[in-house]
$ cat entry_22.txt   # compact mmCIF, C-alpha atoms and all ligand atoms
# COMPACT_ATOMS: atom_id res chain seq x y z
CA MET A 231 0.00 0.00 0.00
CA ALA A 232 1.23 3.49 -0.74
CA ASN A 233 2.60 5.45 2.17
CA PRO A 234 -0.36 7.46 3.48
CA LEU A 235 1.84 10.04 5.22
CA PRO A 236 2.19 12.56 2.35
CA SER A 237 -1.54 12.74 1.77
CA PHE A 238 -2.12 12.98 5.49
CA LEU A 239 0.29 15.91 5.73
CA LEU A 240 -1.34 17.53 2.75
CA ALA A 241 -4.77 17.16 4.29
CA PHE A 242 -3.45 18.49 7.58
CA ALA A 243 -1.89 21.50 5.88
CA ALA A 244 -5.17 22.17 4.15
CA PHE A 245 -7.28 21.95 7.29
CA ALA A 246 -4.91 23.13 10.01
CA PRO A 247 -5.07 26.88 9.38
CA PRO A 248 -8.85 27.19 9.78
CA LEU A 249 -8.74 24.91 12.83
CA HIS A 250 -5.99 26.85 14.53
CA ALA A 251 -7.71 30.08 13.68
CA ASN A 252 -10.41 28.79 16.00
CA GLU A 253 -9.33 29.90 19.44
CA GLY A 254 -11.44 27.32 21.21
CA PHE A 255 -9.63 24.53 19.40
CA SER A 256 -6.23 25.47 20.82
CA LYS A 257 -7.74 25.91 24.29
CA TYR A 258 -9.19 22.42 24.02
CA THR A 259 -5.70 20.86 24.26
CA LEU A 260 -6.04 21.10 28.04
CA CYS A 261 -9.39 19.32 28.11
CA ALA A 262 -8.17 16.69 25.63
CA ALA A 263 -5.75 15.35 28.24
CA CYS A 264 -8.70 13.95 30.19
CA HIS A 265 -11.61 14.00 27.74
CA GLY A 266 -9.75 12.72 24.65
CA GLN A 267 -8.81 14.36 21.34
CA SER A 268 -12.27 13.79 19.93
CA GLY A 269 -14.16 14.15 23.21
CA GLU A 270 -14.51 10.38 23.32
CA GLY A 271 -13.50 10.19 26.99
CA THR A 272 -10.47 8.54 28.62
CA ASN A 273 -9.90 6.88 31.97
CA LEU A 274 -9.36 10.38 33.37
CA GLY A 275 -12.62 11.90 32.22
CA PRO A 276 -16.04 11.10 30.74
CA PRO A 277 -16.94 11.71 27.06
CA LEU A 278 -17.91 15.17 25.83
CA ALA A 279 -19.06 13.90 22.43
CA GLY A 280 -22.82 13.55 22.55
CA SER A 281 -22.89 14.36 26.29
CA GLU A 282 -26.23 15.68 27.50
CA TRP A 283 -24.28 17.98 29.85
CA VAL A 284 -22.34 19.56 26.99
CA ASN A 285 -25.49 20.05 24.93
CA GLY A 286 -27.52 21.15 27.97
CA PRO A 287 -27.67 24.47 29.87
CA ALA A 288 -24.54 26.61 29.30
CA GLU A 289 -24.59 27.70 32.94
CA ASN A 290 -23.67 24.15 34.05
CA LEU A 291 -20.63 24.13 31.81
CA ILE A 292 -19.41 27.52 32.95
CA ARG A 293 -19.78 26.54 36.59
CA ILE A 294 -17.88 23.27 36.00
CA GLN A 295 -15.01 25.32 34.57
CA LEU A 296 -15.01 27.75 37.47
CA ARG A 297 -15.43 25.30 40.35
CA GLY A 298 -14.50 21.82 39.13
CA LEU A 299 -16.66 18.73 39.48
CA GLN A 300 -16.53 15.72 41.80
CA GLY A 301 -18.46 12.60 42.68
CA PRO A 302 -20.46 10.23 40.51
CA ILE A 303 -21.88 11.48 37.24
CA LYS A 304 -24.03 9.86 34.58
CA VAL A 305 -23.14 10.70 30.98
CA LYS A 306 -25.02 9.17 28.04
CA GLY A 307 -26.59 6.60 30.32
CA VAL A 308 -23.27 5.43 31.79
CA ASP A 309 -22.45 5.91 35.49
CA TYR A 310 -18.94 7.25 35.97
CA HIS A 311 -16.92 7.80 39.07
CA PHE A 312 -13.54 9.42 38.66
CA PRO A 313 -11.72 9.49 42.00
CA GLY A 314 -9.76 12.59 40.99
CA GLY A 315 -12.76 14.48 39.66
CA MET A 316 -12.24 17.53 37.47
CA PRO A 317 -10.16 20.38 38.86
CA ALA A 318 -11.43 23.96 38.76
CA LEU A 319 -10.02 25.71 35.70
CA GLY A 320 -10.97 29.20 36.82
CA HIS A 321 -7.59 30.62 35.83
CA GLN A 322 -8.97 30.81 32.28
CA SER A 323 -10.27 34.23 31.24
CA ASP A 324 -13.96 34.73 30.48
CA GLU A 325 -13.03 34.84 26.78
CA ASP A 326 -11.10 31.56 27.02
CA ILE A 327 -13.94 29.76 28.77
CA ALA A 328 -16.49 31.06 26.26
CA ALA A 329 -14.23 30.00 23.37
CA VAL A 330 -13.47 26.50 24.62
CA LEU A 331 -17.09 25.79 25.57
CA THR A 332 -18.29 27.10 22.22
CA PHE A 333 -15.77 24.82 20.53
CA VAL A 334 -16.87 21.77 22.52
CA ARG A 335 -20.56 22.50 21.91
CA SER A 336 -20.05 22.64 18.15
CA SER A 337 -17.54 19.77 17.75
CA PHE A 338 -17.53 15.96 18.04
CA GLY A 339 -21.09 15.81 16.69
CA ASN A 340 -22.39 18.18 19.39
CA ASP A 341 -24.82 20.80 18.23
CA ALA A 342 -25.52 23.43 20.88
CA PRO A 343 -25.45 27.23 20.75
CA ALA A 344 -22.27 29.23 21.41
CA VAL A 345 -21.38 30.40 24.92
CA THR A 346 -20.71 34.14 25.14
CA THR A 347 -18.14 35.98 27.23
CA ALA A 348 -21.01 37.86 28.89
CA GLU A 349 -22.59 34.59 30.01
CA VAL A 350 -19.31 33.54 31.62
CA ALA A 351 -18.83 36.94 33.26
CA ALA A 352 -22.31 36.67 34.78
CA VAL A 353 -21.38 33.38 36.51
CA ARG A 354 -17.78 34.33 37.40
CA LYS A 355 -18.74 35.29 40.97
CA ASP A 356 -19.48 31.58 41.57
CA ALA A 357 -15.73 30.79 41.28
CA GLY A 358 -13.86 29.78 44.43
CA ASN A 359 -16.86 28.19 46.12
CA GLY A 360 -15.33 24.71 46.07
CA PRO A 361 -15.98 21.80 43.74
CA LEU A 362 -19.46 20.99 42.51
CA THR A 363 -21.16 17.62 42.32
CA ALA A 364 -23.63 16.60 39.62
CA GLU A 365 -26.50 17.32 42.07
CA ASP A 366 -25.51 20.99 42.20
CA LEU A 367 -26.15 21.29 38.47
CA ILE A 368 -29.32 21.74 36.45
CA THR A 369 -30.27 18.24 35.27
CA PRO A 370 -30.01 18.29 31.47
CA PRO A 371 -32.53 16.58 29.20
CA THR A 372 -31.12 13.05 29.03
CA ALA A 373 -31.57 12.61 25.30
CA ALA A 374 -28.55 14.26 23.71
CA PRO A 375 -29.05 15.59 20.19
CA ALA A 376 -28.51 12.56 18.02
CA LYS A 377 -26.49 14.40 15.41
CA SER A 378 -23.42 12.25 16.06
CA GLU A 379 -23.75 8.55 15.26
CA SER A 380 -27.20 7.88 13.90
CA SER A 381 -27.66 10.65 11.40
CA GLY A 382 -30.09 8.54 9.39
CA LYS A 383 -27.55 8.76 6.57
CA TYR A 384 -27.76 5.08 5.76
CA ASP A 385 -31.42 4.61 6.54
CA ASP A 386 -32.49 4.40 2.92
CA LEU A 387 -29.60 2.17 1.89
CA GLU A 388 -31.94 -0.83 1.81
CA ALA A 389 -34.26 0.97 -0.60
CA ARG A 390 -31.41 1.93 -2.89
CA SER A 391 -29.62 -1.40 -2.92
CA GLY A 392 -30.99 -2.51 -6.28
CA PRO A 393 -33.20 -5.38 -7.43
CA PRO A 394 -34.01 -8.17 -4.97
CA ALA A 395 -31.77 -11.24 -4.79
CA TRP A 396 -34.31 -13.59 -6.44
CA LEU A 397 -34.21 -11.49 -9.60
CA TRP A 398 -30.43 -12.01 -9.92
CA PHE A 399 -30.91 -15.71 -9.33
CA PHE A 400 -33.62 -15.82 -11.98
CA LEU A 401 -31.48 -13.98 -14.58
CA LEU A 402 -28.50 -16.22 -13.82
CA ALA A 403 -30.60 -19.36 -14.16
CA ALA A 404 -32.09 -18.10 -17.42
CA ALA A 405 -28.65 -17.32 -18.83
CA ALA A 406 -27.31 -20.72 -17.83
CA GLY A 407 -30.36 -22.43 -19.28
CA GLY A 408 -30.06 -20.46 -22.50
CA GLY A 409 -26.36 -21.32 -22.75
CA LEU A 410 -27.02 -25.03 -22.27
CA PHE A 411 -29.80 -24.90 -24.85
CA ALA A 412 -27.52 -23.23 -27.38
CA LEU A 413 -24.77 -25.80 -26.71
CA SER A 414 -27.14 -28.72 -27.15
CA ARG A 415 -28.34 -27.33 -30.51
CA ARG A 416 -24.78 -27.12 -31.88
CA SER A 417 -23.99 -30.83 -31.64
C1 LIG A 501 -7.65 16.56 34.91
C2 LIG A 501 -8.65 16.00 34.03
C3 LIG A 501 -9.66 16.94 33.40
C4 LIG A 501 -9.43 18.08 32.65
C5 LIG A 501 -8.09 18.73 32.32
C6 LIG A 501 -10.73 18.55 32.22
N1 LIG A 501 -11.71 17.72 32.70
FE1 LIG A 501 -13.72 17.93 32.41
N2 LIG A 501 -14.08 16.36 33.65
C7 LIG A 501 -13.10 15.58 34.24
C8 LIG A 501 -13.73 14.61 35.11
C9 LIG A 501 -13.02 13.56 35.93
C10 LIG A 501 -15.13 14.84 35.02
C11 LIG A 501 -16.22 14.10 35.80
C12 LIG A 501 -16.32 14.76 37.16
C13 LIG A 501 -17.00 13.93 38.20
O1 LIG A 501 -16.40 12.95 38.63
O2 LIG A 501 -18.14 14.26 38.56
C14 LIG A 501 -15.31 15.94 34.08
C15 LIG A 501 -16.54 16.43 33.67
C16 LIG A 501 -16.72 17.37 32.67
C17 LIG A 501 -18.00 17.73 32.11
C18 LIG A 501 -19.37 17.18 32.49
C19 LIG A 501 -19.49 15.71 32.14
C20 LIG A 501 -19.47 15.40 30.64
O3 LIG A 501 -18.74 14.44 30.28
O4 LIG A 501 -20.14 16.06 29.84
C21 LIG A 501 -17.74 18.69 31.17
C22 LIG A 501 -18.75 19.38 30.29
C23 LIG A 501 -16.31 18.91 31.15
N3 LIG A 501 -15.72 18.09 32.08
C24 LIG A 501 -15.68 19.82 30.33
C25 LIG A 501 -14.30 20.06 30.34
C26 LIG A 501 -13.66 21.07 29.53
C27 LIG A 501 -14.36 21.96 28.50
C28 LIG A 501 -12.33 21.06 29.85
C29 LIG A 501 -11.21 21.94 29.32
C30 LIG A 501 -11.37 23.36 29.45
C31 LIG A 501 -12.15 20.02 30.85
N4 LIG A 501 -13.36 19.44 31.12
C32 LIG A 501 -10.92 19.67 31.41
C33 LIG A 501 -11.75 15.70 34.08
C34 LIG A 501 -11.10 16.74 33.42

$ encode --input "entry_22.txt" --output "C-alpha cells"
Amino acid sequence: MANPLPSFLLAFAAFAPPLHANEGFSKYTLCAACHGQSGEGTNLGPPLAGSEWVNGPAENLIRIQLRGLQGPIKVKGVDYHFPGGMPALGHQSDEDIAAVLTFVRSSFGNDAPAVTTAEVAAVRKDAGNGPLTAEDLITPPTAAPAKSESSGKYDDLEARSGPPAWLWFFLLAAAAGGGLFALSRRS
C-alpha cells in the first residue's frame, strides 16, 4: 500500500489553518488530556461527544469550569466515578472559557449554541466556592441531540440497494439455461 503520510500531511496543511484560527480549538488541548482528542472520553474523564451535559444548559458548563466537578456522574446513560474528579479551571479568562465551551458544543457531533463571554462573566462570581457535584447542576434533558452517530444517513440504503436477490438468481438461471440450450443445438 502506498505510504499514506504525504496525503495525510497535505490534508493536515489544508485543514490546520482554519482549525488553529479557531481559538477554542487550541484551548481544548487542556481538556483533551482527560476528555480525549475527539471528546470520546479517557480513563481520566467522561466523554464530551454527545454528552447531554455539553449540549444542555450553558450555565452548568461555565460553573464546572469555574469550580470543578466531583463525585459520581451519569453521561449518556453510563455511570462514571472518577476518583480525581475535574479540577477547577478558573484561571482561564472569560473569553477563554467562552471559546473552549463554544468549541466543545459545536464539535464531536455536538450541536448546541455558542457560549458568550457575557454569560461567563455573569457566573464568574461563583468561582472559588469549592468543587461541585452533579447534584448541584441543572439536570439536562437526558436525550442528547442525536447528530453524532445515527444521522439517518444510511437509513435508505436498503431501498437503494438494487433489485431483490431472487431477480439475480432468476437472470443467472435463465442465462445458464439459455447457454445449455444453445450448446445442445450445436452438436
Ligand atoms: C484533569 C482531568 C480533566 C481536565 C483537564 C478537564 N476535565 Fe472535564 N471532567 C473531568 C472529570 C473527571 C469529570 C467528571 C467529574 C465527576 O467525577 O463528577 C469531568 C466532567 C466534565 C464535564 C461534564 C461531564 C461530561 O462528560 O459532559 C464537562 C462538560 C467537562 N468536564 C468539560 C471540560 C472542559 C471543557 C475542559 C477543558 C477546558 C475540561 N473538562 C478539562 C476531568 C477533566

$ residues_around --input "entry_22.txt" --residues "segment 343-346 of chain A" --least-positions-apart "4" --cutoff "12 Å" --atoms "all atoms listed in the file" --output "number ranges by chain"
A: 254, 284-292, 324-337, 350-353

$ residues_near_ligand --input "entry_22.txt" --ligand "ligand LIG 501 (chain A)" --cutoff "6 Å" --atoms "all atoms listed in the file" --output "ChimeraX atom specification"
/A:258,260-261,263-264,274-278,281,283-284,291,299-303,305,311-312,315-316,331,363

$ closest_residue --input "entry_22.txt" --among "A:Leu319, A:Ile368, A:Leu397, A:Leu410" --to "Lys257 of chain A" --atoms "only C-alpha atoms"
A:Leu319

$ closest_residue --input "entry_22.txt" --among "A:Gly339, A:Gly298, A:Gly408, A:Gly320" --to "Leu367 of chain A" --atoms "only C-alpha atoms"
A:Gly298

$ atom_distance --input "entry_22.txt" --atom1 "atom CA of Gly358 of chain A" --atom2 "atom CA of Arg297 of chain A"
6.3 Å

$ atom_distance --input "entry_22.txt" --atom1 "atom CA of Glu349 of chain A" --atom2 "atom CA of Ser268 of chain A"
25.3 Å

$ atom_distance --input "entry_22.txt" --atom1 "atom CA of Arg293 of chain A" --atom2 "atom CA of Ala357 of chain A"
7.5 Å

$ closest_residue --input "entry_22.txt" --among "A:Thr372, A:Asp366, A:Thr347, A:Asn233" --to "Gly280 of chain A" --atoms "only C-alpha atoms"
A:Thr372

$ closest_residue --input "entry_22.txt" --among "A:Gly314, A:Ala403, A:Glu253, A:Gln267" --to "Pro361 of chain A" --atoms "only C-alpha atoms"
A:Gly314

$ closest_residue --input "entry_22.txt" --among "A:Ala412, A:Pro370, A:Phe338, A:Tyr310" --to "Asn273 of chain A" --atoms "all atoms listed in the file"
A:Tyr310

$ build_atoms --input "entry_22.txt" --residues "segment 307-343 of chain A" --atoms "N, CA and C atoms" --output "PDB file, in the coordinates of the input"
ATOM      1  N   GLY A 307     -26.070   7.829  29.757  1.00  0.00           N
ATOM      2  CA  GLY A 307     -26.590   6.600  30.320  1.00  0.00           C
ATOM      3  C   GLY A 307     -25.561   5.744  31.051  1.00  0.00           C
ATOM      4  N   VAL A 308     -24.305   6.203  31.107  1.00  0.00           N
ATOM      5  CA  VAL A 308     -23.270   5.430  31.790  1.00  0.00           C
ATOM      6  C   VAL A 308     -22.908   6.123  33.109  1.00  0.00           C
ATOM      7  N   ASP A 309     -22.850   5.356  34.197  1.00  0.00           N
ATOM      8  CA  ASP A 309     -22.450   5.910  35.490  1.00  0.00           C
ATOM      9  C   ASP A 309     -20.938   5.923  35.603  1.00  0.00           C
ATOM     10  N   TYR A 310     -20.387   7.118  35.823  1.00  0.00           N
ATOM     11  CA  TYR A 310     -18.940   7.250  35.970  1.00  0.00           C
ATOM     12  C   TYR A 310     -18.611   7.680  37.390  1.00  0.00           C
ATOM     13  N   HIS A 311     -17.449   7.235  37.837  1.00  0.00           N
ATOM     14  CA  HIS A 311     -16.920   7.800  39.070  1.00  0.00           C
ATOM     15  C   HIS A 311     -15.412   7.931  38.927  1.00  0.00           C
ATOM     16  N   PHE A 312     -14.963   9.151  38.790  1.00  0.00           N
ATOM     17  CA  PHE A 312     -13.540   9.420  38.660  1.00  0.00           C
ATOM     18  C   PHE A 312     -13.023   9.921  39.999  1.00  0.00           C
ATOM     19  N   PRO A 313     -12.174   9.117  40.655  1.00  0.00           N
ATOM     20  CA  PRO A 313     -11.720   9.490  42.000  1.00  0.00           C
ATOM     21  C   PRO A 313     -11.134  10.910  42.034  1.00  0.00           C
ATOM     22  N   GLY A 314     -10.399  11.270  40.982  1.00  0.00           N
ATOM     23  CA  GLY A 314      -9.760  12.590  40.990  1.00  0.00           C
ATOM     24  C   GLY A 314     -10.711  13.731  40.692  1.00  0.00           C
ATOM     25  N   GLY A 315     -11.847  13.431  40.068  1.00  0.00           N
ATOM     26  CA  GLY A 315     -12.760  14.480  39.660  1.00  0.00           C
ATOM     27  C   GLY A 315     -12.139  15.412  38.636  1.00  0.00           C
ATOM     28  N   MET A 316     -12.779  16.530  38.403  1.00  0.00           N
ATOM     29  CA  MET A 316     -12.240  17.530  37.470  1.00  0.00           C
ATOM     30  C   MET A 316     -11.844  18.762  38.270  1.00  0.00           C
ATOM     31  N   PRO A 317     -10.595  19.210  38.099  1.00  0.00           N
ATOM     32  CA  PRO A 317     -10.160  20.380  38.860  1.00  0.00           C
ATOM     33  C   PRO A 317     -10.836  21.657  38.350  1.00  0.00           C
ATOM     34  N   ALA A 318     -10.946  22.656  39.214  1.00  0.00           N
ATOM     35  CA  ALA A 318     -11.430  23.960  38.760  1.00  0.00           C
ATOM     36  C   ALA A 318     -10.416  24.537  37.780  1.00  0.00           C
ATOM     37  N   LEU A 319     -10.915  25.117  36.705  1.00  0.00           N
ATOM     38  CA  LEU A 319     -10.020  25.710  35.700  1.00  0.00           C
ATOM     39  C   LEU A 319     -10.329  27.200  35.590  1.00  0.00           C
ATOM     40  N   GLY A 320     -10.553  27.797  36.746  1.00  0.00           N
ATOM     41  CA  GLY A 320     -10.970  29.200  36.820  1.00  0.00           C
ATOM     42  C   GLY A 320      -9.888  30.201  36.472  1.00  0.00           C
ATOM     43  N   HIS A 321      -8.660  29.707  36.257  1.00  0.00           N
ATOM     44  CA  HIS A 321      -7.590  30.620  35.830  1.00  0.00           C
ATOM     45  C   HIS A 321      -7.824  31.104  34.398  1.00  0.00           C
ATOM     46  N   GLN A 322      -8.680  30.389  33.656  1.00  0.00           N
ATOM     47  CA  GLN A 322      -8.970  30.810  32.280  1.00  0.00           C
ATOM     48  C   GLN A 322      -9.774  32.116  32.307  1.00  0.00           C
ATOM     49  N   SER A 323      -9.508  32.981  31.331  1.00  0.00           N
ATOM     50  CA  SER A 323     -10.270  34.230  31.240  1.00  0.00           C
ATOM     51  C   SER A 323     -11.698  33.927  30.786  1.00  0.00           C
ATOM     52  N   ASP A 324     -12.576  34.889  30.949  1.00  0.00           N
ATOM     53  CA  ASP A 324     -13.960  34.730  30.480  1.00  0.00           C
ATOM     54  C   ASP A 324     -13.976  34.403  28.985  1.00  0.00           C
ATOM     55  N   GLU A 325     -13.103  35.065  28.229  1.00  0.00           N
ATOM     56  CA  GLU A 325     -13.030  34.840  26.780  1.00  0.00           C
ATOM     57  C   GLU A 325     -12.612  33.395  26.482  1.00  0.00           C
ATOM     58  N   ASP A 326     -11.598  32.922  27.231  1.00  0.00           N
ATOM     59  CA  ASP A 326     -11.100  31.560  27.020  1.00  0.00           C
ATOM     60  C   ASP A 326     -12.196  30.530  27.288  1.00  0.00           C
ATOM     61  N   ILE A 327     -12.896  30.722  28.398  1.00  0.00           N
ATOM     62  CA  ILE A 327     -13.940  29.760  28.770  1.00  0.00           C
ATOM     63  C   ILE A 327     -15.047  29.767  27.716  1.00  0.00           C
ATOM     64  N   ALA A 328     -15.451  30.960  27.294  1.00  0.00           N
ATOM     65  CA  ALA A 328     -16.490  31.060  26.260  1.00  0.00           C
ATOM     66  C   ALA A 328     -16.026  30.357  24.987  1.00  0.00           C
ATOM     67  N   ALA A 329     -14.746  30.573  24.621  1.00  0.00           N
ATOM     68  CA  ALA A 329     -14.230  30.000  23.370  1.00  0.00           C
ATOM     69  C   ALA A 329     -14.163  28.475  23.447  1.00  0.00           C
ATOM     70  N   VAL A 330     -13.639  27.952  24.548  1.00  0.00           N
ATOM     71  CA  VAL A 330     -13.470  26.500  24.620  1.00  0.00           C
ATOM     72  C   VAL A 330     -14.832  25.803  24.717  1.00  0.00           C
ATOM     73  N   LEU A 331     -15.763  26.410  25.467  1.00  0.00           N
ATOM     74  CA  LEU A 331     -17.090  25.790  25.570  1.00  0.00           C
ATOM     75  C   LEU A 331     -17.837  25.867  24.246  1.00  0.00           C
ATOM     76  N   THR A 332     -17.673  26.975  23.542  1.00  0.00           N
ATOM     77  CA  THR A 332     -18.290  27.100  22.220  1.00  0.00           C
ATOM     78  C   THR A 332     -17.722  26.045  21.277  1.00  0.00           C
ATOM     79  N   PHE A 333     -16.408  25.839  21.370  1.00  0.00           N
ATOM     80  CA  PHE A 333     -15.770  24.820  20.530  1.00  0.00           C
ATOM     81  C   PHE A 333     -16.337  23.431  20.834  1.00  0.00           C
ATOM     82  N   VAL A 334     -16.398  23.098  22.125  1.00  0.00           N
ATOM     83  CA  VAL A 334     -16.870  21.770  22.520  1.00  0.00           C
ATOM     84  C   VAL A 334     -18.327  21.557  22.108  1.00  0.00           C
ATOM     85  N   ARG A 335     -19.139  22.619  22.223  1.00  0.00           N
ATOM     86  CA  ARG A 335     -20.560  22.500  21.910  1.00  0.00           C
ATOM     87  C   ARG A 335     -20.835  22.418  20.409  1.00  0.00           C
ATOM     88  N   SER A 336     -19.815  22.717  19.586  1.00  0.00           N
ATOM     89  CA  SER A 336     -20.050  22.640  18.150  1.00  0.00           C
ATOM     90  C   SER A 336     -19.125  21.621  17.485  1.00  0.00           C
ATOM     91  N   SER A 337     -18.451  20.786  18.295  1.00  0.00           N
ATOM     92  CA  SER A 337     -17.540  19.770  17.750  1.00  0.00           C
ATOM     93  C   SER A 337     -17.986  18.383  18.180  1.00  0.00           C
ATOM     94  N   PHE A 338     -17.325  17.367  17.648  1.00  0.00           N
ATOM     95  CA  PHE A 338     -17.530  15.960  18.040  1.00  0.00           C
ATOM     96  C   PHE A 338     -18.989  15.548  17.845  1.00  0.00           C
ATOM     97  N   GLY A 339     -19.692  16.157  16.900  1.00  0.00           N
ATOM     98  CA  GLY A 339     -21.090  15.810  16.690  1.00  0.00           C
ATOM     99  C   GLY A 339     -22.047  16.562  17.610  1.00  0.00           C
ATOM    100  N   ASN A 340     -21.508  17.372  18.533  1.00  0.00           N
ATOM    101  CA  ASN A 340     -22.390  18.180  19.390  1.00  0.00           C
ATOM    102  C   ASN A 340     -22.980  19.319  18.573  1.00  0.00           C
ATOM    103  N   ASP A 341     -24.146  19.763  19.001  1.00  0.00           N
ATOM    104  CA  ASP A 341     -24.820  20.800  18.230  1.00  0.00           C
ATOM    105  C   ASP A 341     -25.605  21.706  19.174  1.00  0.00           C
ATOM    106  N   ALA A 342     -24.878  22.538  19.920  1.00  0.00           N
ATOM    107  CA  ALA A 342     -25.520  23.430  20.880  1.00  0.00           C
ATOM    108  C   ALA A 342     -25.018  24.853  20.638  1.00  0.00           C
ATOM    109  N   PRO A 343     -25.823  25.852  21.023  1.00  0.00           N
ATOM    110  CA  PRO A 343     -25.450  27.230  20.750  1.00  0.00           C
ATOM    111  C   PRO A 343     -24.144  27.653  21.425  1.00  0.00           C
TER     112      PRO A 343
END
